[in-house]
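Data file: upload-v1.csv. Format and content: CSV, C-alpha atoms.
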```csv
chain,number,residue,atom,x,y,z
A,478,MET,CA,0.0,0.0,0.0
A,479,ALA,CA,1.3,3.5,-0.9
A,480,GLY,CA,1.9,6.2,1.6
A,481,VAL,CA,-0.2,9.3,2.0
A,482,GLY,CA,0.0,11.6,-1.0
A,483,PRO,CA,-0.2,15.4,-1.1
A,484,GLU,CA,-3.8,15.4,-2.2
A,485,MET,CA,-4.9,13.2,0.6
A,486,LEU,CA,-2.9,15.3,3.0
A,487,ARG,CA,-4.6,18.5,1.8
A,488,GLN,CA,-8.0,16.9,2.3
A,489,LEU,CA,-7.2,15.7,5.8
A,490,LEU,CA,-5.9,19.2,6.7
A,491,ASP,CA,-9.0,20.9,5.3
A,492,ALA,CA,-11.4,18.6,7.0
A,493,HIS,CA,-9.7,17.9,10.4
A,494,ALA,CA,-6.9,20.3,11.2
A,495,ALA,CA,-9.0,22.7,13.2
A,496,ALA,CA,-10.8,19.9,15.2
A,497,LEU,CA,-7.5,18.2,15.8
A,498,VAL,CA,-6.0,21.4,17.2
A,499,LEU,CA,-9.0,21.7,19.6
A,500,TYR,CA,-8.6,18.0,20.5
A,501,ALA,CA,-5.0,18.4,21.3
A,502,ARG,CA,-5.5,21.7,23.1
A,503,GLN,CA,-7.3,19.9,25.9
A,504,TRP,CA,-4.0,18.5,27.1
A,505,CYS,CA,-1.1,20.6,25.9
A,506,GLN,CA,-0.3,24.2,25.4
A,507,ALA,CA,1.2,23.9,21.9
A,508,PRO,CA,-1.4,21.9,19.9
A,509,GLU,CA,-0.2,23.3,16.6
A,510,ASP,CA,3.2,21.7,17.2
A,511,VAL,CA,1.6,18.4,18.1
A,512,LEU,CA,-0.5,18.5,14.9
A,513,GLN,CA,2.5,19.3,12.7
A,514,ASP,CA,4.5,16.4,14.2
A,515,VAL,CA,1.6,14.0,13.7
A,516,PHE,CA,1.0,15.0,10.1
A,517,LEU,CA,4.7,14.7,9.3
A,518,ALA,CA,4.7,11.2,10.9
A,519,LEU,CA,1.8,10.4,8.7
A,520,MET,CA,3.7,11.5,5.6
A,521,ARG,CA,6.8,9.5,6.6
A,522,ALA,CA,4.7,6.3,7.1
A,523,PRO,CA,5.5,3.8,4.3
A,524,ALA,CA,1.8,2.9,4.0
A,525,ALA,CA,-1.3,4.9,4.6
A,526,PRO,CA,-3.3,3.7,7.6
A,527,ASP,CA,-6.6,2.0,6.9
A,528,ASN,CA,-8.5,4.7,8.8
A,529,PRO,CA,-6.4,7.9,8.5
A,530,VAL,CA,-8.8,10.0,10.6
A,531,GLY,CA,-8.9,7.6,13.5
A,532,TRP,CA,-5.1,7.2,13.2
A,533,LEU,CA,-4.7,11.0,13.3
A,534,TYR,CA,-6.9,11.4,16.4
A,535,ARG,CA,-5.1,8.5,18.2
A,536,ALA,CA,-1.6,9.9,17.3
A,537,VAL,CA,-2.6,13.4,18.3
A,538,ARG,CA,-4.0,12.2,21.6
A,539,ASN,CA,-0.8,10.2,22.4
A,540,LYS,CA,1.5,13.0,21.4
A,541,ALA,CA,-0.5,15.7,23.3
A,542,LEU,CA,-0.5,13.5,26.4
A,543,ASN,CA,3.2,13.0,26.2
A,544,ALA,CA,3.7,16.7,25.7
A,545,ALA,CA,1.5,17.4,28.8
A,546,ARG,CA,3.5,14.9,30.8
A,547,ALA,CA,6.7,16.4,29.6
A,548,ASP,CA,6.1,19.9,30.8
A,549,ARG,CA,4.0,19.0,33.8
A,550,ARG,CA,1.8,21.9,33.3
A,551,ARG,CA,-1.4,20.3,32.3
A,552,ALA,CA,-3.3,21.0,35.6
A,553,ARG,CA,-2.1,24.5,35.7
A,554,HIS,CA,-3.0,25.0,32.1
A,555,GLU,CA,-6.5,23.7,32.5
A,556,ALA,CA,-7.1,25.8,35.6
A,557,THR,CA,-5.8,28.9,33.8
A,558,ALA,CA,-8.0,28.2,30.8
A,559,ALA,CA,-11.0,27.7,33.0
A,560,GLU,CA,-10.4,30.9,34.9
A,561,HIS,CA,-9.7,33.2,32.0
A,562,GLY,CA,-11.9,31.6,29.4
A,563,ALA,CA,-9.1,30.9,27.0
A,564,PRO,CA,-10.4,31.2,23.5
A,565,TRP,CA,-10.4,27.6,22.5
A,566,LEU,CA,-13.3,28.6,20.2
A,567,VAL,CA,-13.6,31.6,18.0
A,568,ALA,CA,-16.8,33.4,17.2
A,569,SER,CA,-18.0,33.6,13.6
A,570,GLU,CA,-21.0,35.1,11.9
A,571,GLY,CA,-24.3,33.4,12.6
A,572,ASP,CA,-23.2,31.7,15.8
A,573,ARG,CA,-26.1,31.1,18.2
A,574,LEU,CA,-23.7,30.5,21.2
A,575,ASP,CA,-21.3,32.8,22.7
A,576,ALA,CA,-17.9,31.4,21.8
A,577,ALA,CA,-16.0,32.6,24.9
A,578,SER,CA,-18.7,31.3,27.2
A,579,ALA,CA,-18.8,28.0,25.4
A,580,ALA,CA,-15.1,27.7,25.4
A,581,ALA,CA,-15.0,28.4,29.2
A,582,ALA,CA,-17.7,25.9,29.8
A,583,LEU,CA,-16.0,23.3,27.7
A,584,ALA,CA,-12.7,23.9,29.5
A,585,GLU,CA,-14.4,23.4,32.8
A,586,LEU,CA,-15.8,20.0,31.9
A,587,PRO,CA,-14.1,16.8,33.3
A,588,ALA,CA,-11.4,15.7,30.9
A,589,ASP,CA,-13.0,12.4,29.9
A,590,GLU,CA,-16.3,14.1,29.1
A,591,ARG,CA,-14.7,16.9,27.3
A,592,GLU,CA,-12.6,14.6,25.2
A,593,VAL,CA,-15.7,12.7,24.0
A,594,ILE,CA,-17.6,15.9,23.2
A,595,VAL,CA,-14.7,17.4,21.2
A,596,ALA,CA,-14.2,14.1,19.3
A,597,ARG,CA,-17.9,13.8,18.6
A,598,LEU,CA,-18.9,17.4,17.8
A,599,TRP,CA,-15.8,18.8,16.1
A,600,GLY,CA,-14.1,15.6,15.0
A,601,SER,CA,-17.4,13.9,13.8
A,602,LEU,CA,-16.1,10.6,15.0
A,603,ALA,CA,-18.4,7.7,15.7
A,604,PHE,CA,-18.9,6.6,19.3
A,605,GLU,CA,-17.1,3.3,18.5
A,606,GLU,CA,-14.0,5.2,17.4
A,607,ILE,CA,-14.3,7.5,20.4
A,608,ALA,CA,-14.5,4.5,22.7
A,609,LYS,CA,-11.5,2.9,21.1
A,610,LEU,CA,-9.5,6.2,21.4
A,611,GLY,CA,-10.2,6.5,25.1
A,612,GLY,CA,-9.9,2.8,25.8
A,613,THR,CA,-13.4,2.5,27.1
A,614,SER,CA,-16.6,0.8,26.3
A,615,LEU,CA,-19.1,2.2,23.8
A,616,SER,CA,-21.7,2.7,26.6
A,617,THR,CA,-19.2,4.6,28.7
A,618,ALA,CA,-18.3,6.9,25.9
A,619,TYR,CA,-21.9,7.5,25.1
A,620,ARG,CA,-22.7,8.2,28.8
A,621,ARG,CA,-19.9,10.6,29.1
A,622,TYR,CA,-21.1,12.4,26.0
A,623,GLN,CA,-24.6,12.8,27.4
A,624,GLN,CA,-23.4,14.0,30.7
A,625,GLY,CA,-21.0,16.5,29.1
A,626,ILE,CA,-23.7,17.9,26.8
A,627,ALA,CA,-26.1,18.2,29.7
A,628,THR,CA,-23.6,20.1,31.7
A,629,LEU,CA,-22.9,22.4,28.8
A,630,ARG,CA,-26.5,23.0,28.2
A,631,GLU,CA,-27.1,23.9,31.8
A,632,LYS,CA,-24.2,26.4,31.8
A,633,LEU,CA,-25.1,28.0,28.5
A,634,GLU,CA,-28.8,27.9,28.9
A,635,GLY,CA,-29.2,31.5,29.8
A,636,ILE,CA,-26.8,32.6,27.2
A,637,CYS,CA,-28.3,31.0,24.2
A,638,PRO,CA,-32.0,31.8,23.9
A,639,SER,CA,-32.5,29.5,21.0
A,640,THR,CA,-31.7,26.5,23.1
A,641,ASN,CA,-33.4,27.8,26.2
A,642,ARG,CA,-36.0,25.2,27.1
A,643,GLN,CA,-39.3,26.4,28.5
A,644,THR,CA,-41.5,23.4,28.1
A,645,ASP,CA,-39.4,20.3,28.1
A,646,ARG,CA,-38.1,20.3,31.6
A,647,PRO,CA,-39.0,17.1,33.2
A,648,SER,CA,-41.6,17.6,35.8
B,1124,MET,CA,-48.0,17.4,25.8
B,1125,SER,CA,-46.1,14.9,27.8
B,1126,GLU,CA,-45.8,12.4,24.9
B,1127,HIS,CA,-44.1,15.1,22.9
B,1128,GLU,CA,-41.4,15.8,25.4
B,1129,PRO,CA,-38.9,13.2,24.3
B,1130,ALA,CA,-39.2,14.5,20.7
B,1131,ASN,CA,-38.8,18.1,21.8
B,1132,ARG,CA,-35.8,17.2,23.9
B,1133,SER,CA,-34.2,15.3,21.1
B,1134,ALA,CA,-34.8,18.2,18.7
B,1135,GLU,CA,-33.5,20.8,21.1
B,1136,LEU,CA,-30.5,18.7,21.9
B,1137,THR,CA,-29.7,18.3,18.3
B,1138,ALA,CA,-30.0,22.0,17.8
B,1139,PHE,CA,-27.8,22.7,20.8
B,1140,GLU,CA,-25.2,20.2,19.5
B,1141,ALA,CA,-25.3,21.9,16.1
B,1142,ALA,CA,-24.9,25.3,17.6
B,1143,LEU,CA,-22.0,24.1,19.7
B,1144,ALA,CA,-20.4,22.4,16.7
B,1145,ALA,CA,-20.8,25.5,14.6
B,1146,LEU,CA,-18.3,27.3,16.8
B,1147,ALA,CA,-14.9,27.2,15.1
B,1148,PRO,CA,-11.9,25.9,17.0
B,1149,ARG,CA,-9.2,28.5,17.3
B,1150,VAL,CA,-6.3,27.7,15.0
B,1151,GLU,CA,-3.8,30.6,15.1
B,1152,GLY,CA,-0.3,29.1,15.4
B,1153,PHE,CA,-0.8,26.5,12.8
B,1154,ASP,CA,1.2,27.2,9.7
B,1155,ARG,CA,-0.3,25.2,6.9
B,1156,GLN,CA,2.1,26.3,4.2
B,1157,ARG,CA,5.1,25.2,6.3
B,1158,LEU,CA,3.5,21.9,7.1
B,1159,MET,CA,2.9,21.3,3.4
B,1160,PHE,CA,6.5,22.1,2.7
B,1161,LEU,CA,7.8,19.8,5.5
B,1162,ALA,CA,5.4,17.1,4.3
B,1163,GLY,CA,6.9,17.3,0.9
B,1164,GLN,CA,10.3,16.8,2.3
B,1165,ALA,CA,9.1,13.9,4.4
B,1166,SER,CA,7.6,12.2,1.4
B,1167,VAL,CA,10.8,12.5,-0.5
B,1168,LEU,CA,12.7,10.8,2.4
B,1169,ARG,CA,10.1,8.1,2.5
B,1170,GLU,CA,10.4,7.3,-1.2
B,1171,ARG,CA,14.2,7.0,-1.1
B,1172,PRO,CA,15.2,3.3,-1.4
B,1173,ALA,CA,16.3,1.8,1.8
B,1174,GLY,CA,19.4,0.1,0.2
B,1175,ARG,CA,20.6,3.3,-1.2
B,1176,ALA,CA,20.1,5.1,2.1
B,1177,ARG,CA,22.0,2.4,3.9
B,1178,GLY,CA,24.8,2.6,1.4
B,1179,ALA,CA,25.0,6.4,1.7
B,1180,ARG,CA,25.1,6.0,5.5
B,1181,TRP,CA,28.0,3.6,5.4
B,1182,GLY,CA,29.9,4.8,2.4
B,1183,TRP,CA,31.7,7.7,3.9
B,1184,PRO,CA,32.7,6.0,7.1
B,1185,ALA,CA,34.0,3.0,5.1
B,1186,ALA,CA,36.1,5.3,2.8
B,1187,PHE,CA,37.4,7.3,5.8
B,1188,SER,CA,38.4,4.1,7.6
B,1189,ALA,CA,40.2,2.7,4.6
B,1190,MET,CA,42.1,5.9,4.0
B,1191,THR,CA,43.1,6.1,7.6
B,1192,ALA,CA,44.4,2.5,7.6
B,1193,THR,CA,46.4,3.2,4.5
B,1194,ALA,CA,47.9,6.3,6.0
B,1195,ALA,CA,48.8,4.5,9.2
B,1196,THR,CA,50.4,1.7,7.3
B,1197,LEU,CA,52.5,4.1,5.2
B,1198,LEU,CA,53.6,6.0,8.3
B,1199,VAL,CA,54.8,2.8,10.0
B,1200,MET,CA,56.6,1.7,6.9
B,1201,LEU,CA,58.3,5.1,6.7
B,1202,SER,CA,59.4,5.0,10.4
B,1203,ILE,CA,60.9,1.5,10.2
B,1204,ARG,CA,62.6,2.0,6.9
B,1205,SER,CA,66.5,1.4,6.9
B,1206,GLU,CA,69.0,4.1,6.1
B,1207,PRO,CA,69.6,5.1,2.5
B,1208,THR,CA,72.0,2.9,0.7
B,1209,VAL,CA,74.3,3.3,-2.3
B,1210,ALA,CA,73.8,1.0,-5.2
B,1211,ALA,CA,76.8,-0.1,-7.3
B,1212,ARG,CA,76.4,0.0,-11.0
B,1213,ASP,CA,77.3,-2.7,-13.4
B,1214,GLY,CA,81.0,-3.0,-14.2
B,1215,GLU,CA,82.0,-0.4,-11.6
B,1216,PRO,CA,84.3,-1.5,-8.8
B,1217,ASN,CA,82.8,-1.3,-5.3
B,1218,ALA,CA,84.4,0.2,-2.3
B,1219,ALA,CA,86.6,-2.8,-1.8
B,1220,GLY,CA,88.1,-2.4,-5.2
B,1221,GLN,CA,86.4,-5.5,-6.6
B,1222,SER,CA,84.4,-5.6,-9.7
B,1223,PRO,CA,80.9,-7.0,-9.4
B,1224,ALA,CA,82.1,-10.3,-11.0
B,1225,GLU,CA,84.9,-10.6,-8.4
B,1226,GLY,CA,82.6,-9.8,-5.6
B,1227,GLY,CA,80.7,-13.1,-6.0
B,1228,ALA,CA,77.4,-12.4,-4.4
B,1229,VAL,CA,77.5,-8.7,-5.4
B,1230,GLY,CA,75.0,-8.1,-8.1
B,1231,PRO,CA,74.0,-5.2,-10.1
B,1232,ALA,CA,71.9,-3.7,-7.3
B,1233,ALA,CA,74.2,-4.7,-4.6
B,1234,THR,CA,74.8,-2.2,-1.9
B,1235,VAL,CA,77.7,-1.1,0.2
B,1236,ALA,CA,77.7,0.3,3.6
B,1237,GLY,CA,78.4,3.8,2.7
B,1238,PRO,CA,81.3,6.4,2.5
B,1239,ALA,CA,82.7,5.5,5.9
B,1240,ALA,CA,83.2,1.9,5.0
B,1241,ALA,CA,84.7,2.8,1.7
B,1242,ARG,CA,87.3,5.0,3.4
B,1243,GLU,CA,88.2,2.3,5.8
B,1244,THR,CA,88.5,-0.3,3.1
B,1245,ALA,CA,90.8,2.0,1.1
B,1246,ASN,CA,93.0,2.5,4.1
B,1247,GLN,CA,93.3,-1.2,4.8
B,1248,ALA,CA,94.2,-2.0,1.2
B,1249,PRO,CA,96.6,0.8,0.0
B,1250,ASP,CA,98.5,-1.4,-2.4
B,1251,ARG,CA,95.7,-2.2,-4.7
B,1252,GLY,CA,96.6,0.6,-7.1
B,1253,GLU,CA,93.3,1.9,-8.3
B,1254,ALA,CA,92.1,3.4,-5.1
B,1255,ALA,CA,88.4,3.5,-5.7
B,1256,SER,CA,87.6,5.8,-2.9
B,1257,ALA,CA,90.2,8.5,-3.4
B,1258,ASP,CA,87.7,11.2,-3.9
B,1259,SER,CA,88.6,13.7,-1.4
B,1260,TYR,CA,91.7,15.9,-1.3
B,1261,ALA,CA,92.5,14.7,2.2
B,1262,GLU,CA,92.5,11.1,1.2
B,1263,LEU,CA,94.6,11.7,-1.9
B,1264,ARG,CA,97.1,13.6,0.1
B,1265,GLU,CA,97.3,10.9,2.7
B,1266,ARG,CA,97.8,8.3,0.1
B,1267,ILE,CA,100.5,10.2,-1.7
B,1268,LEU,CA,102.4,10.8,1.6
B,1269,ARG,CA,102.2,7.1,2.3
B,1270,GLN,CA,102.9,5.7,-1.1
B,1271,GLY,CA,104.9,8.3,-2.9
B,1272,ASP,CA,104.9,8.1,-6.7
B,1273,ASP,CA,103.1,4.9,-6.7
B,1274,ALA,CA,100.1,6.8,-5.8
B,1275,PHE,CA,100.0,8.2,-9.3
B,1276,ARG,CA,100.0,4.9,-11.0
B,1277,LEU,CA,97.3,5.0,-13.6
B,1278,ARG,CA,95.1,2.2,-14.7
B,1279,PRO,CA,96.5,0.4,-17.7
B,1280,GLN,CA,93.7,1.6,-19.9
B,1281,ALA,CA,94.1,5.1,-18.9
B,1282,LEU,CA,97.9,4.8,-19.2
B,1283,ALA,CA,97.4,3.6,-22.8
B,1284,VAL,CA,95.4,6.6,-23.6
B,1285,ALA,CA,97.8,8.9,-21.9
B,1286,THR,CA,100.7,7.4,-23.9
B,1287,ALA,CA,98.9,7.7,-27.1
B,1288,VAL,CA,98.4,11.4,-26.3
B,1289,ALA,CA,102.1,11.8,-25.7
B,1290,GLU,CA,102.9,10.2,-29.0
B,1291,GLY,CA,101.2,13.0,-30.8
B,1292,PRO,CA,98.1,13.2,-32.8
B,1293,LEU,CA,96.9,9.8,-34.0
B,1294,PRO,CA,94.2,9.1,-36.5
B,1295,TYR,CA,90.8,8.6,-35.1
B,1296,HIS,CA,90.5,4.9,-36.0
B,1297,VAL,CA,93.8,4.1,-34.2
B,1298,LEU,CA,92.6,5.7,-31.0
B,1299,LEU,CA,89.3,3.9,-31.4
B,1300,GLU,CA,90.9,0.6,-31.8
B,1301,ARG,CA,93.1,1.1,-28.8
B,1302,LEU,CA,90.1,2.1,-26.7
B,1303,LEU,CA,88.1,-0.9,-27.8
B,1304,GLN,CA,90.9,-3.4,-26.9
B,1305,PRO,CA,90.3,-5.5,-23.8
B,1306,ARG,CA,91.5,-4.2,-20.6
B,1307,SER,CA,93.9,-7.1,-20.0
B,1308,GLY,CA,95.6,-6.5,-23.4
B,1309,GLY,CA,97.5,-3.5,-22.3
B,1310,ARG,CA,99.3,-1.2,-24.6
B,1311,GLN,CA,99.9,-2.3,-28.2
```

Could you show the structure in this file as structure tokens?
Amino acid sequence: MAGVGPEMLRQLLDAHAAALVLYARQWCQAPEDVLQDVFLALMRAPAAPDNPVGWLYRAVRNKALNAARADRRRARHEATAAEHGAPWLVASEGDRLDAASAAAALAELPADEREVIVARLWGSLAFEEIAKLGGTSLSTAYRRYQQGIATLREKLEGICPSTNRQTDRPS
Amino acid sequence: MSEHEPANRSAELTAFEAALAALAPRVEGFDRQRLMFLAGQASVLRERPAGRARGARWGWPAAFSAMTATAATLLVMLSIRSEPTVAARDGEPNAAGQSPAEGGAVGPAATVAGPAAARETANQAPDRGEAASADSYAELRERILRQGDDAFRLRPQALAVATAVAEGPLPYHVLLERLLQPRSGGRQ
């Protein structure tokens, strides 16, 4: 099997670079460097992986965790991000949610829930792939996702009128 | 209204997820052009044949080692080489006054010990006439003082030429014949 060509690399970058940066940003402070290293490793591979997207997420996760372990600043980084609402997300025209608030709420989530949400919402990964990435069962991954989404909704409820529920609260 | 609650919740959840997913991740320090450039380099390295890369990896060290070994060998040979020697030519008497044929084992490229040995040999055998080592003025003077007129004895061949010169001008063919006569023949 041939390696990854430039056209495939371009497609992967267009489709997944931003989500991968966000995914790596959960653990390390220099996600762009992590992403660059991972893409270069993909180009050096003699054969393209069967599932390049899954391979990228797994490689980014491993490398970001290694980077976080190396500089021992993960906890401090997360606390700082939660405190100051570090702009993990940027606002764009037509957004129905406030980007800074959403980013702050996302940063405050437990790490395992946040990982599942990022991989699902921005990475568009299936729950099977997410479970494989995190080394958990499918049901655990789904449960974490549901809990994380519920927490985010709760925190962002007053900020986003379009998702503000008036009638569907369980009685 | 209560049977519609799950549907409403699902719809609103989907809308919330879509709104959340619509927020773009911040990508500021990611240099896409640089990555494409580095990826091109990486792909070239990947496509290089493994055998050639291995050969290039070992080629220079092997050549360097071979040249170093050669230089070391030459240096050792230079350091253990004997002193310079003098080779005797064919038909020329050596320091002992012997011709190569008389010398027995002495061949065309036979060597002698050097000027010091030649002087010593000449001193030990003063009566041999043709002192082969009488090169310097000091040796010639010493020999004359020791031997008197005998020191000026010439070789027979040279004596023949000298006599011929004393007889006056001779035709060319006569001189040539005399010169070509064997050494033992003496003067005609």

Hey, which bits of chain B sit within 7 Å of chain A, and for each residue what's the closest pair of atoms and how far apart in Å (one decimal), counting all atoms listed in the file, rows by chain and increasing number, as CSV?
```
residue,atom,partner,partner_atom,distance
B:Glu1128,CA,A:Asp645,CA,5.6
B:Asn1131,CA,A:Asp645,CA,6.7
B:Arg1132,CA,A:Asp645,CA,6.3
B:Glu1135,CA,A:Thr640,CA,6.3
B:Phe1139,CA,A:Thr640,CA,5.9
B:Ala1142,CA,A:Arg573,CA,6.0
B:Leu1143,CA,A:Leu574,CA,6.8
B:Ala1144,CA,A:Leu598,CA,5.3
B:Ala1145,CA,A:Asp572,CA,6.8
B:Leu1146,CA,A:Leu566,CA,6.2
B:Ala1147,CA,A:Val567,CA,5.4
B:Pro1148,CA,A:Leu566,CA,4.4
B:Arg1149,CA,A:Leu566,CA,5.0
B:Val1150,CA,A:Ala495,CA,6.0
B:Gly1152,CA,A:Glu509,CA,5.9
B:Phe1153,CA,A:Glu509,CA,5.0
B:Leu1158,CA,A:Gln513,CA,6.3
B:Ala1162,CA,A:Leu517,CA,5.6
B:Ala1165,CA,A:Arg521,CA,5.4
B:Ser1166,CA,A:Met520,CA,5.8
B:Arg1169,CA,A:Arg521,CA,5.4
```

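Picture a line from CA of Gly1291 (chain B) to CA of Leu1303 (chain B); it runs 19.3 Å.
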
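Minimum atom-to-atom distance to Ala603 (chain A), evaluated using all atoms listed in the file, belongs to A:Val530 out of A:Val530, A:Ala492, A:Val515, A:Ala501.
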
message: For a test of reading the model, state the distance in Å between CA of Gly531 (chain A) and CA of Ala545 (chain A), rounded to one decimal.
response: 20.9 Å

- prompt: At what distance in Å, to one decimal, does CA of Ala596 (chain A) lie from CA of Phe1160 (chain B)?
  reply: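 Between CA of Phe1160 (chain B) and CA of Ala596 (chain A) the gap works out to 27.7 Å.
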
Place N, CA and C atoms on region 563-582 of chain A and deliver the coordinates as a PDB file, in the coordinates of the input.
```pdb
ATOM      1  N   ALA A 563     -10.021  30.895  28.185  1.00  0.00           N
ATOM      2  CA  ALA A 563      -9.100  30.900  27.000  1.00  0.00           C
ATOM      3  C   ALA A 563      -9.866  30.599  25.769  1.00  0.00           C
ATOM      4  N   PRO A 564      -9.622  31.339  24.744  1.00  0.00           N
ATOM      5  CA  PRO A 564     -10.400  31.200  23.500  1.00  0.00           C
ATOM      6  C   PRO A 564     -10.095  29.934  22.752  1.00  0.00           C
ATOM      7  N   TRP A 565     -10.602  28.827  23.225  1.00  0.00           N
ATOM      8  CA  TRP A 565     -10.400  27.600  22.500  1.00  0.00           C
ATOM      9  C   TRP A 565     -11.282  27.668  21.185  1.00  0.00           C
ATOM     10  N   LEU A 566     -12.363  28.430  21.290  1.00  0.00           N
ATOM     11  CA  LEU A 566     -13.300  28.600  20.200  1.00  0.00           C
ATOM     12  C   LEU A 566     -13.351  30.025  19.763  1.00  0.00           C
ATOM     13  N   VAL A 567     -13.541  30.256  18.499  1.00  0.00           N
ATOM     14  CA  VAL A 567     -13.600  31.600  18.000  1.00  0.00           C
ATOM     15  C   VAL A 567     -15.048  31.869  17.475  1.00  0.00           C
ATOM     16  N   ALA A 568     -15.489  33.085  17.635  1.00  0.00           N
ATOM     17  CA  ALA A 568     -16.800  33.400  17.200  1.00  0.00           C
ATOM     18  C   ALA A 568     -16.816  33.653  15.658  1.00  0.00           C
ATOM     19  N   SER A 569     -17.889  33.310  15.050  1.00  0.00           N
ATOM     20  CA  SER A 569     -18.000  33.600  13.600  1.00  0.00           C
ATOM     21  C   SER A 569     -19.462  34.064  13.395  1.00  0.00           C
ATOM     22  N   GLU A 570     -19.717  34.572  12.227  1.00  0.00           N
ATOM     23  CA  GLU A 570     -21.000  35.100  11.900  1.00  0.00           C
ATOM     24  C   GLU A 570     -22.096  34.063  11.964  1.00  0.00           C
ATOM     25  N   GLY A 571     -23.188  34.348  12.613  1.00  0.00           N
ATOM     26  CA  GLY A 571     -24.300  33.400  12.600  1.00  0.00           C
ATOM     27  C   GLY A 571     -24.260  32.446  13.815  1.00  0.00           C
ATOM     28  N   ASP A 572     -23.260  32.603  14.679  1.00  0.00           N
ATOM     29  CA  ASP A 572     -23.200  31.700  15.800  1.00  0.00           C
ATOM     30  C   ASP A 572     -24.393  31.976  16.750  1.00  0.00           C
ATOM     31  N   ARG A 573     -24.956  30.916  17.261  1.00  0.00           N
ATOM     32  CA  ARG A 573     -26.100  31.100  18.200  1.00  0.00           C
ATOM     33  C   ARG A 573     -25.577  30.957  19.632  1.00  0.00           C
ATOM     34  N   LEU A 574     -24.340  30.589  19.815  1.00  0.00           N
ATOM     35  CA  LEU A 574     -23.700  30.500  21.200  1.00  0.00           C
ATOM     36  C   LEU A 574     -22.600  31.481  21.265  1.00  0.00           C
ATOM     37  N   ASP A 575     -22.403  31.961  22.466  1.00  0.00           N
ATOM     38  CA  ASP A 575     -21.300  32.800  22.700  1.00  0.00           C
ATOM     39  C   ASP A 575     -19.996  31.998  22.771  1.00  0.00           C
ATOM     40  N   ALA A 576     -19.052  32.305  21.906  1.00  0.00           N
ATOM     41  CA  ALA A 576     -17.900  31.400  21.800  1.00  0.00           C
ATOM     42  C   ALA A 576     -17.051  31.427  23.055  1.00  0.00           C
ATOM     43  N   ALA A 577     -16.870  32.583  23.685  1.00  0.00           N
ATOM     44  CA  ALA A 577     -16.000  32.600  24.900  1.00  0.00           C
ATOM     45  C   ALA A 577     -16.679  31.847  26.023  1.00  0.00           C
ATOM     46  N   SER A 578     -18.001  32.014  26.176  1.00  0.00           N
ATOM     47  CA  SER A 578     -18.700  31.300  27.200  1.00  0.00           C
ATOM     48  C   SER A 578     -18.654  29.771  26.969  1.00  0.00           C
ATOM     49  N   ALA A 579     -18.861  29.408  25.704  1.00  0.00           N
ATOM     50  CA  ALA A 579     -18.800  28.000  25.400  1.00  0.00           C
ATOM     51  C   ALA A 579     -17.450  27.399  25.590  1.00  0.00           C
ATOM     52  N   ALA A 580     -16.429  28.177  25.240  1.00  0.00           N
ATOM     53  CA  ALA A 580     -15.100  27.700  25.400  1.00  0.00           C
ATOM     54  C   ALA A 580     -14.774  27.517  26.926  1.00  0.00           C
ATOM     55  N   ALA A 581     -15.224  28.496  27.719  1.00  0.00           N
ATOM     56  CA  ALA A 581     -15.000  28.400  29.200  1.00  0.00           C
ATOM     57  C   ALA A 581     -15.722  27.202  29.757  1.00  0.00           C
ATOM     58  N   ALA A 582     -16.955  27.018  29.314  1.00  0.00           N
ATOM     59  CA  ALA A 582     -17.700  25.900  29.800  1.00  0.00           C
ATOM     60  C   ALA A 582     -17.093  24.559  29.395  1.00  0.00           C
TER      61      ALA A 582
END
```
